[in-house]
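Trainee: CSV, C-alpha atoms and all ligand atoms, file work_20.csv:
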```csv
chain,number,residue,atom,x,y,z
A,65,MET,CA,-13.1,-20.6,-20.8
A,66,ILE,CA,-16.5,-20.4,-19.3
A,67,LYS,CA,-18.4,-17.4,-20.7
A,68,GLY,CA,-21.2,-17.6,-18.1
A,69,ASP,CA,-24.4,-15.7,-17.9
A,70,GLY,CA,-25.6,-12.1,-18.1
A,71,ILE,CA,-22.8,-9.8,-19.0
A,72,GLY,CA,-20.4,-12.8,-18.9
A,73,PRO,CA,-20.2,-13.7,-22.6
A,74,HIS,CA,-19.6,-10.2,-23.7
A,75,ILE,CA,-16.9,-9.3,-21.2
A,76,VAL,CA,-15.2,-12.7,-21.7
A,77,ASP,CA,-15.3,-12.2,-25.5
A,78,LYS,CA,-13.7,-8.8,-25.2
A,79,THR,CA,-11.0,-10.2,-22.9
A,80,LEU,CA,-10.3,-13.1,-25.3
A,81,GLU,CA,-9.8,-10.6,-28.2
A,82,LEU,CA,-7.3,-8.7,-26.1
A,83,LEU,CA,-5.5,-11.9,-25.1
A,84,GLN,CA,-5.3,-13.0,-28.7
A,85,TRP,CA,-3.9,-9.7,-29.7
A,86,LEU,CA,-1.4,-9.7,-26.8
A,87,GLY,CA,-0.3,-13.2,-28.0
A,88,ASP,CA,0.5,-11.7,-31.4
A,89,LEU,CA,2.3,-8.8,-29.8
A,90,LYS,CA,4.5,-10.9,-27.5
A,91,GLY,CA,4.9,-13.9,-29.8
A,92,PHE,CA,2.8,-16.6,-28.0
A,93,SER,CA,-0.4,-18.3,-29.0
A,94,MET,CA,-3.2,-19.6,-26.8
A,95,GLU,CA,-5.9,-22.0,-27.8
A,96,PHE,CA,-9.3,-21.1,-26.3
A,97,VAL,CA,-11.8,-23.9,-25.8
A,98,GLU,CA,-15.3,-23.0,-24.6
A,99,ALA,CA,-16.8,-25.0,-21.8
A,100,GLN,CA,-20.5,-24.3,-21.3
A,101,ALA,CA,-21.7,-23.7,-17.7
A,102,GLY,CA,-24.2,-21.6,-15.8
A,103,ASP,CA,-27.9,-20.7,-15.7
A,104,SER,CA,-28.5,-20.7,-19.5
A,105,VAL,CA,-26.9,-24.2,-19.9
A,106,LEU,CA,-29.0,-25.5,-17.0
A,107,LYS,CA,-32.1,-24.3,-18.8
A,108,GLU,CA,-31.0,-25.8,-22.1
A,109,VAL,CA,-29.7,-29.2,-21.1
A,110,GLY,CA,-30.8,-29.6,-17.4
A,111,THR,CA,-27.4,-29.4,-15.8
A,112,ALA,CA,-25.3,-26.3,-15.0
A,113,LEU,CA,-22.0,-28.0,-15.6
A,114,PRO,CA,-22.2,-30.8,-18.2
A,115,ALA,CA,-19.6,-33.6,-18.0
A,116,GLU,CA,-18.2,-32.5,-21.4
A,117,SER,CA,-17.4,-29.0,-19.9
A,118,LEU,CA,-15.6,-30.6,-16.9
A,119,ARG,CA,-13.6,-32.8,-19.3
A,120,LYS,CA,-12.6,-29.7,-21.4
A,121,ILE,CA,-11.6,-27.7,-18.3
A,122,SER,CA,-9.6,-30.7,-16.9
A,123,ALA,CA,-7.8,-31.0,-20.2
A,124,SER,CA,-6.7,-27.4,-20.2
A,125,ASP,CA,-3.8,-25.5,-18.7
A,126,ALA,CA,-6.0,-23.0,-17.0
A,127,CYS,CA,-9.6,-21.7,-17.0
A,128,LEU,CA,-10.8,-18.2,-17.6
A,129,LYS,CA,-14.3,-17.9,-16.3
A,130,GLY,CA,-17.0,-15.2,-16.6
A,131,PRO,CA,-19.6,-14.7,-14.0
A,132,VAL,CA,-22.5,-17.2,-13.7
A,133,GLY,CA,-25.9,-16.4,-12.2
A,134,GLU,CA,-27.9,-18.4,-9.7
A,135,THR,CA,-25.9,-21.6,-10.4
A,136,ALA,CA,-22.7,-20.5,-8.6
A,137,ARG,CA,-22.9,-23.5,-6.3
A,138,ASP,CA,-23.1,-26.0,-9.1
A,139,VAL,CA,-20.5,-24.3,-11.2
A,140,ILE,CA,-17.8,-22.4,-9.3
A,141,VAL,CA,-18.2,-23.8,-5.8
A,142,TYR,CA,-18.3,-27.3,-7.4
A,143,LEU,CA,-15.2,-26.7,-9.6
A,144,ARG,CA,-13.2,-25.3,-6.7
A,145,GLN,CA,-13.7,-28.6,-4.9
A,146,LYS,CA,-13.5,-31.0,-7.8
A,147,LEU,CA,-10.2,-29.5,-9.0
A,148,ASP,CA,-9.0,-28.8,-5.5
A,149,LEU,CA,-8.5,-25.1,-6.1
A,150,TYR,CA,-7.9,-24.4,-2.4
A,151,ALA,CA,-6.6,-20.9,-2.6
A,152,ASN,CA,-8.9,-18.0,-3.6
A,153,ILE,CA,-6.7,-14.9,-4.1
A,154,ARG,CA,-8.6,-11.6,-4.2
A,155,PRO,CA,-6.5,-8.4,-4.4
A,156,PHE,CA,-8.1,-5.1,-3.7
A,157,LYS,CA,-6.4,-1.7,-4.2
A,158,ASN,CA,-7.2,1.9,-5.0
A,159,TYR,CA,-6.7,2.7,-8.7
A,160,PRO,CA,-6.2,6.4,-9.5
A,161,GLY,CA,-9.3,7.5,-11.3
A,162,VAL,CA,-11.7,5.2,-9.5
A,163,LYS,CA,-13.6,7.1,-6.9
A,164,SER,CA,-13.3,5.8,-3.4
A,165,LYS,CA,-13.5,7.3,0.1
A,166,TRP,CA,-9.9,6.0,0.6
A,167,SER,CA,-6.5,6.3,-1.0
A,168,GLY,CA,-3.6,3.9,-0.5
A,169,VAL,CA,-5.7,0.8,0.1
A,170,ASP,CA,-3.8,-2.3,-1.0
A,171,PHE,CA,-4.6,-5.6,0.5
A,172,VAL,CA,-5.3,-9.2,-0.5
A,173,ILE,CA,-7.9,-11.6,0.8
A,174,VAL,CA,-6.6,-15.1,0.9
A,175,ARG,CA,-9.7,-17.2,1.2
A,176,GLU,CA,-9.8,-20.9,1.9
A,177,ASN,CA,-11.8,-22.2,-1.0
A,178,THR,CA,-12.8,-25.9,-0.5
A,179,GLU,CA,-14.2,-26.2,3.1
A,180,ASP,CA,-16.4,-24.4,5.6
A,181,LEU,CA,-20.1,-24.1,4.9
A,182,TYR,CA,-19.4,-24.1,1.2
A,183,ARG,CA,-18.7,-27.8,1.3
A,184,SER,CA,-22.3,-28.1,0.2
A,185,VAL,CA,-23.3,-30.9,2.6
A,186,GLU,CA,-26.8,-29.8,3.6
A,187,ASP,CA,-30.1,-31.1,4.5
A,188,VAL,CA,-32.9,-28.7,3.7
A,189,GLY,CA,-36.4,-29.8,4.6
A,190,GLU,CA,-39.8,-28.0,5.0
A,191,ASP,CA,-39.2,-27.3,8.7
A,192,HIS,CA,-35.5,-27.6,9.2
A,193,ALA,CA,-32.2,-26.8,7.4
A,194,VAL,CA,-28.8,-28.0,8.4
A,195,ALA,CA,-25.4,-27.3,6.8
A,196,LEU,CA,-22.1,-29.0,7.7
A,197,LEU,CA,-19.2,-26.7,8.5
A,198,VAL,CA,-16.0,-28.4,7.6
A,199,VAL,CA,-12.5,-27.3,8.8
A,200,THR,CA,-9.6,-29.6,8.5
A,201,ARG,CA,-5.9,-29.3,9.6
A,202,LYS,CA,-4.8,-30.1,6.0
A,203,GLY,CA,-7.2,-27.5,4.5
A,204,SER,CA,-6.2,-24.8,7.0
A,205,GLU,CA,-2.5,-25.5,6.8
A,206,ARG,CA,-2.2,-25.3,3.0
A,207,ILE,CA,-4.2,-22.0,2.8
A,208,ALA,CA,-2.2,-20.6,5.7
A,209,LYS,CA,1.0,-21.3,3.8
A,210,VAL,CA,-0.3,-19.5,0.8
A,211,GLY,CA,-1.2,-16.5,3.0
A,212,PHE,CA,2.2,-16.4,4.7
A,213,GLU,CA,4.1,-16.8,1.5
A,214,MET,CA,2.1,-13.9,0.0
A,215,ALA,CA,2.6,-11.7,3.1
A,216,THR,CA,6.4,-12.5,2.9
A,217,ALA,CA,6.4,-11.2,-0.7
A,218,ARG,CA,4.3,-8.1,0.2
A,219,ARG,CA,4.4,-5.9,3.3
A,220,ARG,CA,4.8,-8.7,5.8
A,221,LYS,CA,1.6,-8.2,7.7
A,222,LEU,CA,-1.1,-10.9,8.0
A,223,THR,CA,-4.5,-10.8,9.8
A,224,ILE,CA,-6.2,-14.1,10.5
A,225,VAL,CA,-9.9,-13.5,10.4
A,226,HIS,CA,-12.3,-16.0,12.1
A,227,LYS,CA,-15.1,-16.3,14.6
A,228,SER,CA,-13.8,-18.9,17.1
A,229,ASN,CA,-15.4,-17.3,20.1
A,230,VAL,CA,-18.8,-18.4,18.8
A,231,VAL,CA,-18.2,-21.2,16.3
A,232,LYS,CA,-15.6,-23.5,17.8
A,233,SER,CA,-14.8,-25.2,14.5
A,234,TYR,CA,-13.0,-22.0,13.5
A,235,LEU,CA,-10.6,-22.5,16.5
A,236,LEU,CA,-8.9,-25.3,14.5
A,237,PHE,CA,-8.5,-22.9,11.5
A,238,ARG,CA,-7.1,-20.2,13.8
A,239,ASN,CA,-4.8,-22.5,15.7
A,240,VAL,CA,-3.4,-24.2,12.6
A,241,CYS,CA,-2.8,-20.7,11.0
A,242,MET,CA,-0.9,-19.7,14.2
A,243,GLN,CA,1.2,-22.8,14.0
A,244,VAL,CA,2.1,-22.0,10.4
A,245,ALA,CA,2.8,-18.4,11.5
A,246,ALA,CA,5.6,-19.7,13.7
A,247,LYS,CA,7.5,-20.7,10.6
A,248,TYR,CA,7.3,-17.1,9.2
A,249,PRO,CA,8.9,-15.0,12.0
A,250,SER,CA,9.3,-12.0,9.7
A,251,VAL,CA,5.6,-11.7,9.2
A,252,ASP,CA,3.7,-9.5,11.7
A,253,VAL,CA,0.6,-11.6,12.6
A,254,ASP,CA,-2.6,-10.5,14.2
A,255,GLU,CA,-6.1,-12.0,14.4
A,256,MET,CA,-9.6,-10.5,14.4
A,257,TYR,CA,-13.1,-11.8,14.7
A,258,VAL,CA,-14.9,-11.4,11.4
A,259,ASP,CA,-17.4,-8.9,12.7
A,260,ASN,CA,-14.6,-6.7,14.0
A,261,ALA,CA,-12.7,-7.2,10.7
A,262,ALA,CA,-15.7,-6.0,8.7
A,263,TYR,CA,-15.8,-2.9,10.9
A,264,GLN,CA,-12.0,-2.2,10.8
A,265,LEU,CA,-12.1,-2.6,7.0
A,266,ILE,CA,-14.6,0.2,6.8
A,267,ILE,CA,-12.8,2.6,9.2
A,268,ASN,CA,-9.2,1.8,8.6
A,269,PRO,CA,-8.6,-0.3,5.4
A,270,THR,CA,-5.0,0.8,4.8
A,271,ALA,CA,-4.0,-1.1,8.0
A,272,PHE,CA,-4.5,-4.4,6.1
A,273,ASP,CA,-2.0,-6.3,3.9
A,274,VAL,CA,-3.0,-10.0,3.8
A,275,ILE,CA,-6.3,-11.2,5.2
A,276,LEU,CA,-6.3,-15.0,5.8
A,277,THR,CA,-9.8,-16.3,6.3
A,278,PRO,CA,-12.2,-19.3,5.9
A,279,ASN,CA,-14.4,-19.6,2.8
A,280,MET,CA,-17.6,-17.9,3.7
A,281,PHE,CA,-16.1,-14.9,5.5
A,282,GLY,CA,-13.8,-14.5,2.5
A,283,ASP,CA,-16.7,-14.4,0.2
A,284,ILE,CA,-18.6,-11.8,2.2
A,285,LEU,CA,-15.5,-9.6,3.0
A,286,SER,CA,-14.7,-9.5,-0.7
A,287,ASP,CA,-17.8,-7.6,-1.6
A,288,GLU,CA,-17.1,-5.2,1.3
A,289,ALA,CA,-13.5,-4.8,0.1
A,290,ALA,CA,-14.7,-4.1,-3.4
A,291,GLY,CA,-16.9,-1.3,-2.1
A,292,ILE,CA,-14.0,0.2,-0.2
A,293,VAL,CA,-11.9,0.5,-3.3
A,294,GLY,CA,-14.8,2.0,-5.2
A,295,THR,CA,-16.6,-0.8,-7.2
A,296,ILE,CA,-16.8,-4.5,-7.5
A,297,GLY,CA,-16.3,-3.9,-11.3
A,298,ILE,CA,-12.6,-3.8,-10.8
A,299,ALA,CA,-12.0,-6.9,-8.7
A,300,GLY,CA,-10.4,-9.9,-10.4
A,301,SER,CA,-9.6,-13.1,-8.6
A,302,ALA,CA,-7.7,-16.4,-8.9
A,303,ASN,CA,-8.6,-19.9,-7.7
A,304,ILE,CA,-5.4,-21.8,-7.4
A,305,GLY,CA,-4.6,-25.5,-6.6
A,306,ASP,CA,-1.3,-27.3,-6.8
A,307,SER,CA,-1.4,-27.7,-10.6
A,308,PHE,CA,-4.4,-25.8,-12.0
A,309,GLY,CA,-5.7,-22.3,-11.9
A,310,LEU,CA,-9.2,-20.8,-12.6
A,311,PHE,CA,-9.5,-17.1,-12.9
A,312,GLU,CA,-12.7,-15.0,-12.6
A,313,PRO,CA,-14.1,-11.6,-11.7
A,314,VAL,CA,-15.3,-11.3,-8.1
A,315,HIS,CA,-18.6,-9.9,-9.3
A,316,GLY,CA,-21.8,-11.7,-10.4
A,317,SER,CA,-23.5,-11.8,-13.8
A,318,ALA,CA,-25.5,-8.5,-13.6
A,319,PRO,CA,-28.4,-10.1,-15.5
A,320,THR,CA,-30.3,-6.9,-16.0
A,321,LEU,CA,-27.4,-4.8,-17.3
A,322,ASN,CA,-26.9,-4.2,-21.1
A,323,PRO,CA,-23.5,-6.0,-21.7
A,324,GLU,CA,-22.2,-3.1,-23.6
A,325,GLN,CA,-22.6,-1.0,-20.5
A,326,ALA,CA,-20.7,-3.5,-18.4
A,327,ASN,CA,-17.3,-2.7,-16.9
A,328,PRO,CA,-14.8,-5.3,-18.2
A,329,THR,CA,-12.0,-4.4,-15.7
A,330,ALA,CA,-12.5,-7.3,-13.3
A,331,GLN,CA,-12.5,-9.8,-16.2
A,332,LEU,CA,-9.4,-8.2,-17.7
A,333,LEU,CA,-7.7,-8.3,-14.3
A,334,ALA,CA,-8.7,-11.9,-13.9
A,335,ALA,CA,-7.0,-12.6,-17.3
A,336,LYS,CA,-4.0,-10.7,-16.1
A,337,MET,CA,-3.8,-13.0,-13.0
A,338,MET,CA,-4.1,-16.0,-15.3
A,339,LEU,CA,-1.2,-14.7,-17.5
A,340,GLU,CA,0.9,-14.1,-14.4
A,341,TRP,CA,0.2,-17.6,-13.0
A,342,LEU,CA,0.8,-19.2,-16.4
A,343,GLY,CA,4.0,-17.2,-16.8
A,344,ARG,CA,5.3,-18.4,-13.4
A,345,THR,CA,4.2,-22.0,-13.7
A,346,LYS,CA,5.3,-22.4,-17.3
A,347,LYS,CA,8.4,-20.2,-16.8
A,348,ASP,CA,7.5,-18.2,-19.8
A,349,ARG,CA,8.5,-14.5,-19.6
A,350,ARG,CA,6.3,-13.5,-22.5
A,351,LEU,CA,3.2,-14.4,-20.5
A,352,SER,CA,4.4,-12.5,-17.4
A,353,GLU,CA,5.2,-9.5,-19.5
A,354,ALA,CA,1.7,-9.7,-21.1
A,355,ALA,CA,0.2,-9.7,-17.6
A,356,ALA,CA,2.1,-6.5,-16.7
A,357,LEU,CA,0.9,-4.9,-19.9
A,358,VAL,CA,-2.7,-5.6,-19.1
A,359,GLU,CA,-2.4,-4.2,-15.6
A,360,ASN,CA,-0.6,-1.1,-16.9
A,361,GLY,CA,-3.1,-0.6,-19.7
A,362,VAL,CA,-6.0,-0.8,-17.4
A,363,THR,CA,-4.4,1.5,-14.8
A,364,GLN,CA,-3.7,4.1,-17.4
A,365,VAL,CA,-7.3,4.0,-18.9
A,366,LEU,CA,-8.8,4.3,-15.4
A,367,ALA,CA,-6.4,7.1,-14.4
A,368,GLU,CA,-7.0,9.1,-17.6
A,369,GLY,CA,-10.7,8.8,-17.2
A,370,ARG,CA,-11.6,9.4,-20.9
A,371,PHE,CA,-13.0,6.0,-21.7
A,372,LEU,CA,-14.7,5.0,-18.4
A,373,THR,CA,-17.9,2.8,-18.4
A,374,PRO,CA,-21.0,4.2,-16.8
A,375,ASP,CA,-20.5,2.6,-13.4
A,376,LEU,CA,-17.2,4.5,-13.2
A,377,GLY,CA,-18.9,7.8,-14.1
A,378,GLY,CA,-18.1,7.7,-17.8
A,379,LYS,CA,-19.9,7.3,-21.0
A,380,ALA,CA,-17.8,4.7,-22.8
A,381,SER,CA,-19.1,1.3,-23.8
A,382,CYS,CA,-17.4,-1.9,-22.7
A,383,SER,CA,-15.9,-2.3,-26.2
A,384,GLU,CA,-14.6,1.3,-26.3
A,385,TYR,CA,-12.9,0.8,-22.9
A,386,VAL,CA,-11.2,-2.4,-24.0
A,387,ASP,CA,-10.1,-0.7,-27.3
A,388,GLU,CA,-8.5,2.0,-25.3
A,389,VAL,CA,-6.7,-0.5,-23.1
A,390,ARG,CA,-5.3,-1.9,-26.3
A,391,ARG,CA,-4.2,1.5,-27.5
A,392,LYS,CA,-2.5,2.2,-24.2
A,393,ILE,CA,-0.7,-1.2,-24.4
A,394,SER,CA,0.4,-0.4,-28.0
A,395,SER,CA,1.9,2.8,-26.9
A,396,MET,CA,3.9,1.0,-24.2
A,397,ALA,CA,5.0,-2.1,-26.0
A,401,LIG,N1,-21.6,-10.7,-5.0
A,401,LIG,C1,-20.7,-11.0,-6.0
A,401,LIG,C2,-21.1,-12.3,-6.7
A,401,LIG,O1,-22.2,-12.5,-7.0
A,401,LIG,N2,-20.1,-13.2,-6.9
A,401,LIG,C3,-20.3,-14.4,-7.5
A,401,LIG,C4,-20.5,-15.5,-6.4
A,401,LIG,O2,-21.3,-15.4,-5.6
A,401,LIG,N3,-19.6,-16.4,-6.4
A,401,LIG,C5,-19.6,-17.4,-5.5
A,401,LIG,C6,-18.3,-17.4,-4.6
A,401,LIG,O3,-17.4,-16.6,-4.9
A,401,LIG,O4,-18.2,-18.2,-3.7
```
Take the structure in the file and give it back as structure tokens.
Mentor:
Amino acid sequence: MIKGDGIGPHIVDKTLELLQWLGDLKGFSMEFVEAQAGDSVLKEVGTALPAESLRKISASDACLKGPVGETARDVIVYLRQKLDLYANIRPFKNYPGVKSKWSGVDFVIVRENTEDLYRSVEDVGEDHAVALLVVTRKGSERIAKVGFEMATARRRKLTIVHKSNVVKSYLLFRNVCMQVAAKYPSVDVDEMYVDNAAYQLIINPTAFDVILTPNMFGDILSDEAAGIVGTIGIAGSANIGDSFGLFEPVHGSAPTLNPEQANPTAQLLAAKMMLEWLGRTKKDRRLSEAAALVENGVTQVLAEGRFLTPDLGGKASCSEYVDEVRRKISSMA
């Protein structure tokens, strides 16, 4: 795991305690290896992702990551490319107990994770700055498949979000997605320019099921989506490749927040996505069951409203919230 910066170490520690406890409960064990990365490591040793950390991550089954601060490009954007974690899966839904202008919102952003402007090929000078926008057939095809498979397992509605009327490179992304769409006739497909998608998300978010989009639009729409369901504090995410997964909250490191005031939900739901993925890839029912317990525990604590963190309108600390999740799971198991 990468504990990260700001509130990261605390919310990751609380999540690890819960995972360890879940392992005892369900009869599995996990070995946690810490890989240092982020702003504080950059300060200490001069690099945000030391080679030793990359070695530890590569030797693991999965990575649970906390938020990092200003070194996102050198840590998470780099890891996505280095480990070829091409699918960024970001679910957003209304949880009872979390205030939102909406109810019944339930959609997933499927974000291409290795290309676009986030390829980090840039030339920045005193008087000019140029960034390379990369779109390939291979990159678009594999993320489109992930999106259509997900739509097939959900409500069979997929929206391709791009901006090909202005940036012609996105026409390749759009066209390849449409070609993949032809192989999924049961999925209802539409397309939107990203500006219109940003607007439609605000006025009619329940109309969306799966949003399939290039890297940068996916990053930006994710924060908007989090606002629609009430707070970015409840948004977990997965970065998936063909044989490795890295799981993290969508939010940043909140460097000025007291870690005991932090909302650990997004980190817990990232861990839940990790357990789900490990359960599926290792064909281990205990892990899948543990994932369901985390989701149910969090859902109950949010709905009941007695142990909410301050951002959710409550007075509970991060530790009290996680303790309550554990009590809820105990009462279910
Ligand atoms: N605004 C939420 C936030 O700070 N997220 C962390 C971040 O920027 N990650 C980089 C990325 O997801 O591409």
Trainee: Out of A:Glu388, A:Asp283, A:Asp191, A:Glu340, which residue has the shortest atom-to-atom distance to Glu353 in chain A when counting all atoms listed in the file?
Mentor: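 Under the stated criterion, the closest residue is A:Glu340.
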Trainee: Is there a way to get, as a PDB file with C-alpha atoms, keeping the file's coordinate frame, all residues within 10 Å of the point (-13.9, -29.7, -12.5) in file coordinates, counting only C-alpha atoms?
Mentor:
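Wrote it out as point.pdb, contents follow:
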```pdb
ATOM      1  CA  LEU A 113     -22.000 -28.000 -15.600  1.00  0.00           C
ATOM      2  CA  ALA A 115     -19.600 -33.600 -18.000  1.00  0.00           C
ATOM      3  CA  SER A 117     -17.400 -29.000 -19.900  1.00  0.00           C
ATOM      4  CA  LEU A 118     -15.600 -30.600 -16.900  1.00  0.00           C
ATOM      5  CA  ARG A 119     -13.600 -32.800 -19.300  1.00  0.00           C
ATOM      6  CA  LYS A 120     -12.600 -29.700 -21.400  1.00  0.00           C
ATOM      7  CA  ILE A 121     -11.600 -27.700 -18.300  1.00  0.00           C
ATOM      8  CA  SER A 122      -9.600 -30.700 -16.900  1.00  0.00           C
ATOM      9  CA  ALA A 123      -7.800 -31.000 -20.200  1.00  0.00           C
ATOM     10  CA  VAL A 139     -20.500 -24.300 -11.200  1.00  0.00           C
ATOM     11  CA  ILE A 140     -17.800 -22.400  -9.300  1.00  0.00           C
ATOM     12  CA  VAL A 141     -18.200 -23.800  -5.800  1.00  0.00           C
ATOM     13  CA  TYR A 142     -18.300 -27.300  -7.400  1.00  0.00           C
ATOM     14  CA  LEU A 143     -15.200 -26.700  -9.600  1.00  0.00           C
ATOM     15  CA  ARG A 144     -13.200 -25.300  -6.700  1.00  0.00           C
ATOM     16  CA  GLN A 145     -13.700 -28.600  -4.900  1.00  0.00           C
ATOM     17  CA  LYS A 146     -13.500 -31.000  -7.800  1.00  0.00           C
ATOM     18  CA  LEU A 147     -10.200 -29.500  -9.000  1.00  0.00           C
ATOM     19  CA  ASP A 148      -9.000 -28.800  -5.500  1.00  0.00           C
ATOM     20  CA  LEU A 149      -8.500 -25.100  -6.100  1.00  0.00           C
TER      21      LEU A 149
END
```
Trainee: Ranking A:Gly297, A:Pro160, A:Gly203, A:Gly378 by minimum distance to ligand LIG 401 (chain A) and counting all atoms listed in the file, which one comes first?
Mentor: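 Looking at the shortest contact to ligand LIG 401 (chain A), the residue is A:Gly297.
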Trainee: For Val230 in chain A, list every protein, DNA or RNA residue within 12 Å, evaluated using only C-alpha atoms, and leave out those in the same chain fewer than 3 positions away; present the list as a list in words.
Mentor: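 Surrounding residues, per the criterion: His226, Lys227, Ser233, Tyr234, Leu235, Tyr257, Val258 and Asp259 of chain A.
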Trainee: Determine the nearest neighbour of ligand LIG 401 (chain A) from the options A:Ile224, A:Ala246, A:Ala262, A:Ala289, counting only C-alpha atoms and all ligand atoms.
Mentor: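 Closest to ligand LIG 401 (chain A), using only C-alpha atoms and all ligand atoms: A:Ala289.
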Trainee: Grab the CA of Val240 in chain A to CA of Ala151 in chain A distance for me, in Å with one decimal place.
Mentor: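 Separation between CA of Val240 in chain A and CA of Ala151 in chain A: 15.9 Å.
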Trainee: What's the 12 Å shell around range 374-376 of chain A, counting all atoms listed in the file, without same-chain residues fewer than 2 positions away, as a ChimeraX atom specification?
Mentor: /A:159-164,293-298,321-329,365-367,369-372,378-382,384-385
Trainee: Rank A:Phe212, A:Trp341, A:Tyr182, A:Phe308 by their smallest atom-to-atom distance to ligand LIG 401 (chain A), using all atoms listed in the file, and report the top residue only.
Mentor: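 With all atoms listed in the file as the atom set, the closest residue is A:Tyr182.
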Trainee: Leaving out Val185 in chain A and any residue of its chain fewer than 4 positions from it, which residues lie within 12 Å of it when counting only C-alpha atoms, given as a PyMOL selection string?
Mentor: chain A and resi 137+142+179-181+193-198
Trainee: Which residue is closest to Val362 in chain A? Choose from A:Glu176, A:Glu190, A:Leu82, A:Phe281 and count only C-alpha atoms.
Mentor: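 When distances to Val362 in chain A are compared using only C-alpha atoms, the smallest one comes from A:Leu82.
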Trainee: Nearest to Ala136 in chain A: which of A:Ser124, A:Ser184, A:Thr270, A:Asn360 is it, counting all atoms listed in the file?
Mentor: A:Ser184
Trainee: Could you check how far CA of Ala355 in chain A sits from CA of Glu312 in chain A, in Å to one decimal?
Mentor: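 Those two atoms sit 14.8 Å apart.
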Trainee: Between CA of Leu339 in chain A and CA of Ile153 in chain A, what is the distance, to one decimal in Å?
Mentor: 14.5 Å
Trainee: Could you give me, as a list in words, the residues within 8 Å of Asn152 in chain A, counting all atoms listed in the file and dropping anything in the same chain fewer than 2 positions from it?
Mentor: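 Here the answer would be Leu149, Tyr150, Arg154, Ile173, Val174, Arg175, Glu176, Asn177, Ser301, Ala302, Asn303 and Ile304 of chain A.
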Trainee: Only all heavy atoms, as a PDB file, in the first residue's frame: that is what I want for range 187-191 of chain A.
Mentor:
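Okay, part_26.pdb is ready:
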```
ATOM      1  N   ASP A 187       6.398  20.030 -23.337  1.00  0.00           N
ATOM      2  CA  ASP A 187       7.535  20.935 -23.427  1.00  0.00           C
ATOM      3  C   ASP A 187       7.064  22.269 -22.862  1.00  0.00           C
ATOM      4  O   ASP A 187       6.213  22.929 -23.441  1.00  0.00           O
ATOM      5  CB  ASP A 187       7.959  21.069 -24.901  1.00  0.00           C
ATOM      6  CG  ASP A 187       9.122  22.038 -25.058  1.00  0.00           C
ATOM      7  OD1 ASP A 187       9.849  22.261 -24.064  1.00  0.00           O
ATOM      8  OD2 ASP A 187       9.280  22.584 -26.165  1.00  0.00           O
ATOM      9  N   VAL A 188       7.565  22.593 -21.704  1.00  0.00           N
ATOM     10  CA  VAL A 188       7.114  23.821 -21.040  1.00  0.00           C
ATOM     11  C   VAL A 188       8.295  24.770 -20.924  1.00  0.00           C
ATOM     12  O   VAL A 188       9.280  24.461 -20.244  1.00  0.00           O
ATOM     13  CB  VAL A 188       6.530  23.494 -19.641  1.00  0.00           C
ATOM     14  CG1 VAL A 188       6.049  24.771 -18.957  1.00  0.00           C
ATOM     15  CG2 VAL A 188       5.384  22.487 -19.760  1.00  0.00           C
ATOM     16  N   GLY A 189       8.207  25.881 -21.623  1.00  0.00           N
ATOM     17  CA  GLY A 189       9.283  26.874 -21.562  1.00  0.00           C
ATOM     18  C   GLY A 189       8.781  28.147 -20.919  1.00  0.00           C
ATOM     19  O   GLY A 189       7.686  28.188 -20.361  1.00  0.00           O
ATOM     20  N   GLU A 190       9.608  29.198 -21.004  1.00  0.00           N
ATOM     21  CA  GLU A 190       9.226  30.504 -20.432  1.00  0.00           C
ATOM     22  C   GLU A 190       8.055  31.095 -21.191  1.00  0.00           C
ATOM     23  O   GLU A 190       7.151  31.682 -20.613  1.00  0.00           O
ATOM     24  CB  GLU A 190      10.425  31.477 -20.543  1.00  0.00           C
ATOM     25  CG  GLU A 190      11.438  31.349 -19.419  1.00  0.00           C
ATOM     26  CD  GLU A 190      10.862  31.732 -18.066  1.00  0.00           C
ATOM     27  OE1 GLU A 190      10.305  32.840 -17.949  1.00  0.00           O
ATOM     28  OE2 GLU A 190      10.955  30.916 -17.125  1.00  0.00           O
ATOM     29  N   ASP A 191       8.069  30.929 -22.529  1.00  0.00           N
ATOM     30  CA  ASP A 191       7.088  31.631 -23.362  1.00  0.00           C
ATOM     31  C   ASP A 191       6.189  30.704 -24.166  1.00  0.00           C
ATOM     32  O   ASP A 191       5.414  31.147 -25.008  1.00  0.00           O
ATOM     33  CB  ASP A 191       7.831  32.566 -24.334  1.00  0.00           C
ATOM     34  CG  ASP A 191       8.669  33.568 -23.567  1.00  0.00           C
ATOM     35  OD1 ASP A 191       8.119  34.180 -22.625  1.00  0.00           O
ATOM     36  OD2 ASP A 191       9.865  33.702 -23.868  1.00  0.00           O
TER      37      ASP A 191
END
```
